[in-house]
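Next up, model-v5.cif (mmCIF, C-alpha atoms and all ligand atoms):
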data_coords
#
loop_
_atom_site.group_PDB
_atom_site.id
_atom_site.type_symbol
_atom_site.label_atom_id
_atom_site.label_comp_id
_atom_site.auth_asym_id
_atom_site.auth_seq_id
_atom_site.Cartn_x
_atom_site.Cartn_y
_atom_site.Cartn_z
ATOM 1 C CA MET A 1 -43.765 -0.363 -25.472
ATOM 2 C CA ASP A 2 -42.310 1.953 -22.910
ATOM 3 C CA TRP A 3 -38.469 2.301 -23.048
ATOM 4 C CA ILE A 4 -38.123 1.032 -19.488
ATOM 5 C CA ASP A 5 -40.025 -2.163 -20.358
ATOM 6 C CA ARG A 6 -37.827 -2.649 -23.415
ATOM 7 C CA TRP A 7 -34.666 -2.032 -21.422
ATOM 8 C CA VAL A 8 -35.674 -4.498 -18.681
ATOM 9 C CA GLN A 9 -36.702 -7.076 -21.276
ATOM 10 C CA ASN A 10 -33.437 -6.759 -23.201
ATOM 11 C CA SER A 11 -31.308 -6.842 -20.051
ATOM 12 C CA SER A 12 -33.131 -9.939 -18.766
ATOM 13 C CA ARG A 13 -32.684 -11.670 -22.131
ATOM 14 C CA ALA A 14 -28.993 -10.787 -22.249
ATOM 15 C CA LEU A 15 -28.544 -12.012 -18.672
ATOM 16 C CA ALA A 16 -30.360 -15.272 -19.402
ATOM 17 C CA GLN A 17 -28.350 -15.866 -22.592
ATOM 18 C CA ASN A 18 -24.944 -15.065 -21.167
ATOM 19 C CA THR A 19 -25.216 -16.530 -17.702
ATOM 20 C CA SER A 20 -25.410 -20.135 -16.668
ATOM 21 C CA ARG A 21 -27.233 -21.099 -13.491
ATOM 22 C CA ARG A 22 -23.908 -22.005 -11.916
ATOM 23 C CA SER A 23 -22.285 -18.634 -12.634
ATOM 24 C CA LEU A 24 -25.404 -16.822 -11.403
ATOM 25 C CA LEU A 25 -25.174 -18.743 -8.130
ATOM 26 C CA LYS A 26 -21.447 -17.931 -7.969
ATOM 27 C CA ARG A 27 -22.119 -14.215 -8.390
ATOM 28 C CA LEU A 28 -24.914 -14.326 -5.836
ATOM 29 C CA GLY A 29 -22.578 -16.105 -3.403
ATOM 30 C CA THR A 30 -19.886 -13.469 -3.934
ATOM 31 C CA VAL A 31 -22.369 -10.676 -3.214
ATOM 32 C CA LEU A 32 -23.609 -12.431 -0.056
ATOM 33 C CA VAL A 33 -20.095 -13.097 1.269
ATOM 34 C CA GLY A 34 -19.068 -9.528 0.426
ATOM 35 C CA ALA A 35 -22.083 -8.129 2.254
ATOM 36 C CA SER A 36 -21.306 -10.205 5.339
ATOM 37 C CA ALA A 37 -17.833 -8.651 5.466
ATOM 38 C CA VAL A 38 -19.388 -5.242 6.061
ATOM 39 C CA PRO A 39 -19.728 -4.861 9.832
ATOM 40 C CA LEU A 40 -23.389 -5.000 10.732
ATOM 41 C CA LEU A 41 -23.130 -3.820 14.284
ATOM 42 C CA PRO A 42 -22.289 -0.186 14.850
ATOM 43 C CA VAL A 43 -19.154 0.126 16.986
ATOM 44 C CA ALA A 44 -18.721 3.341 18.913
ATOM 45 C CA ARG A 45 -15.454 4.740 17.622
ATOM 46 C CA ALA A 46 -13.631 6.695 20.241
ATOM 47 C CA SER A 47 -13.362 10.338 19.418
ATOM 48 C CA ASP A 48 -12.972 13.037 21.942
ATOM 49 C CA ASN A 49 -16.629 14.138 21.780
ATOM 50 C CA ALA A 50 -16.425 16.474 24.704
ATOM 51 C CA LYS A 51 -13.011 17.839 23.650
ATOM 52 C CA SER A 52 -14.031 21.409 23.006
ATOM 53 C CA ALA A 53 -16.025 21.610 26.233
ATOM 54 C CA VAL A 54 -13.448 20.063 28.576
ATOM 55 C CA PRO A 55 -11.112 22.501 30.272
ATOM 56 C CA GLU A 56 -7.688 20.902 30.593
ATOM 57 C CA SER A 57 -4.732 21.670 32.808
ATOM 58 C CA GLY A 58 -1.568 19.774 33.668
ATOM 59 C CA ASP A 59 0.832 17.550 31.755
ATOM 60 C CA PRO A 60 -0.912 14.855 29.671
ATOM 61 C CA ASN A 61 2.301 12.812 29.687
ATOM 62 C CA SER A 62 2.309 12.607 33.479
ATOM 63 C CA CYS A 63 0.530 9.786 35.288
ATOM 64 C CA ASP A 64 -0.975 12.386 37.650
ATOM 65 C CA TYR A 65 -2.983 13.934 34.828
ATOM 66 C CA TRP A 66 -6.679 13.954 35.753
ATOM 67 C CA ARG A 67 -7.868 11.771 32.843
ATOM 68 C CA TYR A 68 -5.751 8.819 33.954
ATOM 69 C CA CYS A 69 -7.584 8.093 37.224
ATOM 70 C CA ALA A 70 -8.532 4.539 36.163
ATOM 71 C CA ILE A 71 -5.835 3.737 33.604
ATOM 72 C CA ASP A 72 -3.514 0.737 33.535
ATOM 73 C CA GLY A 73 -1.014 0.945 30.693
ATOM 74 C CA PHE A 74 1.661 2.924 28.870
ATOM 75 C CA LEU A 75 0.641 6.518 28.085
ATOM 76 C CA CYS A 76 0.389 6.924 24.305
ATOM 77 C CA GLY A 77 1.616 10.522 24.597
ATOM 78 C CA CYS A 78 5.022 9.042 25.540
ATOM 79 C CA CYS A 79 4.908 6.569 22.643
ATOM 80 C CA GLY A 80 4.518 8.786 19.576
ATOM 81 C CA GLY A 81 0.782 9.411 19.933
ATOM 82 C CA SER A 82 -1.122 11.714 22.262
ATOM 83 C CA MET A 83 -3.457 11.376 25.246
ATOM 84 C CA ASN A 84 -6.336 10.668 22.822
ATOM 85 C CA SER A 85 -4.726 9.436 19.597
ATOM 86 C CA CYS A 86 -2.804 6.258 18.855
ATOM 87 C CA PRO A 87 0.785 6.356 17.591
ATOM 88 C CA PRO A 88 1.239 5.850 13.826
ATOM 89 C CA GLY A 89 1.138 2.197 12.833
ATOM 90 C CA THR A 90 -1.211 1.185 15.647
ATOM 91 C CA GLU A 91 -4.958 0.714 15.724
ATOM 92 C CA MET A 92 -7.337 1.807 18.475
ATOM 93 C CA SER A 93 -9.276 -0.980 20.130
ATOM 94 C CA PRO A 94 -13.052 -0.487 19.924
ATOM 95 C CA ILE A 95 -13.503 -2.364 23.221
ATOM 96 C CA THR A 96 -12.477 -0.393 26.258
ATOM 97 C CA TRP A 97 -12.247 0.081 29.971
ATOM 98 C CA ILE A 98 -14.255 3.037 31.301
ATOM 99 C CA GLY A 99 -13.519 5.260 34.270
ATOM 100 C CA THR A 100 -15.099 8.307 35.900
ATOM 101 C CA CYS A 101 -12.514 10.998 36.633
ATOM 102 C CA HIS A 102 -12.746 14.306 38.434
ATOM 103 C CA ASN A 103 -11.449 17.266 36.432
ATOM 104 C CA PRO A 104 -9.883 19.738 38.866
ATOM 105 C CA GLU A 105 -10.140 22.528 36.301
ATOM 106 C CA ASP A 106 -13.959 22.747 36.390
ATOM 107 C CA GLY A 107 -14.726 20.498 39.380
ATOM 108 C CA LYS A 108 -16.844 18.188 37.186
ATOM 109 C CA SER A 109 -16.646 14.441 36.636
ATOM 110 C CA TYR A 110 -16.210 12.960 33.172
ATOM 111 C CA ILE A 111 -16.568 9.489 31.692
ATOM 112 C CA VAL A 112 -13.191 8.516 30.275
ATOM 113 C CA SER A 113 -12.671 5.619 27.889
ATOM 114 C CA TYR A 114 -9.272 3.881 28.022
ATOM 115 C CA ASN A 115 -8.648 2.469 24.568
ATOM 116 C CA ASP A 116 -5.632 0.291 23.969
ATOM 117 C CA CYS A 117 -3.596 0.974 20.819
ATOM 118 C CA CYS A 118 -2.691 -2.254 19.113
ATOM 119 C CA GLY A 119 -0.413 -3.614 16.419
ATOM 120 C CA LYS A 120 3.064 -2.993 17.871
ATOM 121 C CA SER A 121 4.838 -4.523 20.857
ATOM 122 C CA SER A 122 4.613 -2.826 24.279
ATOM 123 C CA CYS A 123 5.804 0.789 24.176
ATOM 124 C CA GLY A 124 7.506 0.574 27.584
ATOM 125 C CA ASN A 125 7.372 4.360 28.280
ATOM 126 C CA CYS A 126 5.364 6.090 31.022
ATOM 127 C CA LEU A 127 3.701 3.093 32.643
ATOM 128 C CA CYS A 128 0.727 4.413 34.603
ATOM 129 C CA THR A 129 -1.327 2.229 36.923
ATOM 130 C CA ARG A 130 -3.812 4.300 38.898
ATOM 131 C CA SER A 131 -6.682 1.874 38.473
ATOM 132 C CA GLU A 132 -9.368 3.712 40.471
ATOM 133 C CA GLY A 133 -12.412 1.419 40.783
ATOM 134 C CA ASP A 134 -10.451 -1.536 39.471
ATOM 135 C CA LYS A 135 -11.258 -5.018 40.761
ATOM 136 C CA PRO A 136 -9.032 -8.127 40.793
ATOM 137 C CA ILE A 137 -8.576 -9.983 37.502
ATOM 138 C CA TYR A 138 -11.047 -12.735 38.503
ATOM 139 C CA ARG A 139 -13.737 -10.021 38.198
ATOM 140 C CA MET A 140 -13.003 -9.640 34.473
ATOM 141 C CA ASP A 141 -15.997 -7.382 33.977
ATOM 142 C CA ALA A 142 -14.550 -4.874 36.436
ATOM 143 C CA SER A 143 -10.803 -5.315 35.967
ATOM 144 C CA ASN A 144 -8.612 -3.046 33.862
ATOM 145 C CA ASP A 145 -5.588 -5.356 33.938
ATOM 146 C CA ILE A 146 -6.626 -6.764 30.580
ATOM 147 C CA ASN A 147 -5.326 -6.498 27.047
ATOM 148 C CA TRP A 148 -8.247 -4.816 25.269
ATOM 149 C CA CYS A 149 -6.735 -5.409 21.818
ATOM 150 C CA LEU A 150 -9.862 -7.264 20.790
ATOM 151 C CA GLY A 151 -11.696 -6.567 17.555
ATOM 152 C CA THR A 152 -8.480 -5.181 16.123
ATOM 153 C CA GLU A 153 -6.332 -6.636 13.357
ATOM 154 C CA SER A 154 -3.539 -7.416 15.803
ATOM 155 C CA SER A 155 -3.799 -8.339 19.475
ATOM 156 C CA LEU A 156 -0.341 -6.890 20.249
ATOM 157 C CA TYR A 157 -0.699 -4.235 22.973
ATOM 158 C CA HIS A 158 1.309 -1.003 22.550
ATOM 159 C CA CYS A 159 -0.119 1.799 24.739
ATOM 160 C CA THR A 160 -3.373 3.292 26.064
ATOM 161 C CA VAL A 161 -5.217 6.537 25.292
ATOM 162 C CA ALA A 162 -7.720 8.349 27.521
ATOM 163 C CA VAL A 163 -10.684 9.676 25.554
ATOM 164 C CA VAL A 164 -13.319 11.824 27.244
ATOM 165 C CA VAL A 165 -16.677 10.368 26.246
ATOM 166 C CA GLY A 166 -18.917 12.823 28.074
ATOM 167 C CA LYS A 167 -19.869 14.401 31.381
ATOM 168 C CA ALA A 168 -20.798 12.066 34.219
ATOM 169 C CA LEU A 169 -24.172 12.572 35.868
ATOM 170 C CA GLU A 170 -23.908 14.476 39.121
ATOM 171 C CA GLN A 171 -24.435 12.226 42.123
ATOM 172 C CA ARG A 172 -27.268 13.124 44.491
ATOM 173 C CA GLU A 173 -26.202 13.635 48.094
HETATM 174 N N1 LIG A 201 -5.207 -2.394 29.070
HETATM 175 C C1 LIG A 201 -3.817 -2.319 29.238
HETATM 176 C C2 LIG A 201 -3.185 -3.663 29.429
HETATM 177 C C3 LIG A 201 -2.697 -4.323 28.323
HETATM 178 C C4 LIG A 201 -2.097 -5.564 28.480
HETATM 179 C C5 LIG A 201 -2.024 -6.137 29.741
HETATM 180 C C6 LIG A 201 -2.531 -5.443 30.836
HETATM 181 C C7 LIG A 201 -3.119 -4.209 30.679
#
Can you give me the file's structure in the form of C-alpha cells?
Amino acid sequence: MDWIDRWVQNSSRALAQNTSRRSLLKRLGTVLVGASAVPLLPVARASDNAKSAVPESGDPNSCDYWRYCAIDGFLCGCCGGSMNSCPPGTEMSPITWIGTCHNPEDGKSYIVSYNDCCGKSSCGNCLCTRSEGDKPIYRMDASNDINWCLGTESSLYHCTVAVVVGKALEQRE
C-alpha cells in the first residue's frame, strides 16, 4: 500500500479511537466560531495612497490647511499624531466622512477621507470646523457632525485625520 494511504488510514484510526463524537463536535464548533471572528468583509484601511504624488504646502496644524476643507473635529497633528496618523493609544475608524478639496499647490482636487481616531477622550486642541458640503444632522448621510468611531474597539472620539485617498475627477465645464 502506498505510504499516503497508510498514513491516512492510521490517522483516521487514531482520530476515531481517541475522539468521542462530542469532542469532535466541540472542536468543529471551535473552528467555526474562530473562523467567524476573522473579518469577512474587506475594509478599506486609510493610508495616504496618493502621498508621494501630492504636493503639499502650508501648516498641517492650521485649520486653513487645504486638506481640511470638509473637516469637523480636532486636528490630530495637535494631539500627538499627524495630519494622517492617529496619536499613540488611539485607533483609526474605518468608517469616514469624505470631502473633495482643492490643493492650491498643483491646482488639482483630491478626495480626502476624514477618519476619526478613537479610544481616548476628546483631544480639545485645534478644533477645526470648515465643513464644506456638509448638510444638517438630520441628513445623516451627508452630515459630518457625527462621531465616526464605529467599527472600532472604543467609541470614544479623540481627534480627526485627513487622508488623501486619490485625485478627484476633473469636472466638465
Ligand atoms: N467626526 C468628528 C466628530 C466627532 C464627534 C462629534 C462630532 C464630530
Hits from the PyMOL selection byres (((not hetatm)) within 8 of (chain A and resi 201)), listed as a list of chain:residue names: A:Ile71, A:Asp72, A:Gly73, A:Phe74, A:Trp97, A:Tyr114, A:Asn115, A:Asp116, A:Asn144, A:Asp145, A:Ile146, A:Asn147, A:Trp148, A:Cys149, A:Tyr157, A:His158, A:Cys159, A:Thr160
Shell around Cys117 of chain A at 12 Å using only C-alpha atoms, local window under 3 positions removed, as number ranges by chain: A: 46, 73-77, 79-96, 114, 120-123, 147-162
Atom pair atom CA of Val112 of chain A / atom CA of Arg67 of chain A: separation (Å):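 Those two atoms sit 6.7 Å apart.
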Contact residues around Glu105 of chain A with only C-alpha atoms at 7 Å, ignoring same-chain residues under 4 positions, as a list in words: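 The filter keeps Pro55, Glu56 and Ser57 of chain A.
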Contact residues around Tyr65 of chain A with only C-alpha atoms at 10 Å, ignoring same-chain residues under 4 positions, as a ChimeraX atom specification: /A:56-61,69,83,103-104
Distance of atom CA of Val163 of chain A from atom CA of Trp66 of chain A, expressed in Å to one decimal place: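 Taking atom CA of Trp66 of chain A as the start and atom CA of Val163 of chain A as the end point, the length is 11.8 Å.
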Selected residue, from A:Cys63, A:Leu15, A:Cys101, A:Cys78, that lies nearest to Gly166 of chain A when counting only C-alpha atoms: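 With only C-alpha atoms as the atom set, the closest residue is A:Cys101.
For the choices A:Ser143, A:Ser113, A:Pro136, A:Arg130, the atom-to-atom distance to Val164 of chain A is smallest for A:Ser113 when using all atoms listed in the file.
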A:Ile4, A:Ala168, A:Leu28, A:Ala14 ranked by distance to Ser109 of chain A, top pick (using all atoms listed in the file):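 Looking at the shortest contact to Ser109 of chain A, the residue is A:Ala168.
The two atoms in question, atom CA of Glu132 of chain A and atom CA of Lys108 of chain A, are spaced 16.6 Å apart.
Closest approach to Gly133 of chain A from the set A:Ala16, A:Ile111, A:Val165, A:Ile98 is made by A:Ile98, with distances taken over all atoms listed in the file.
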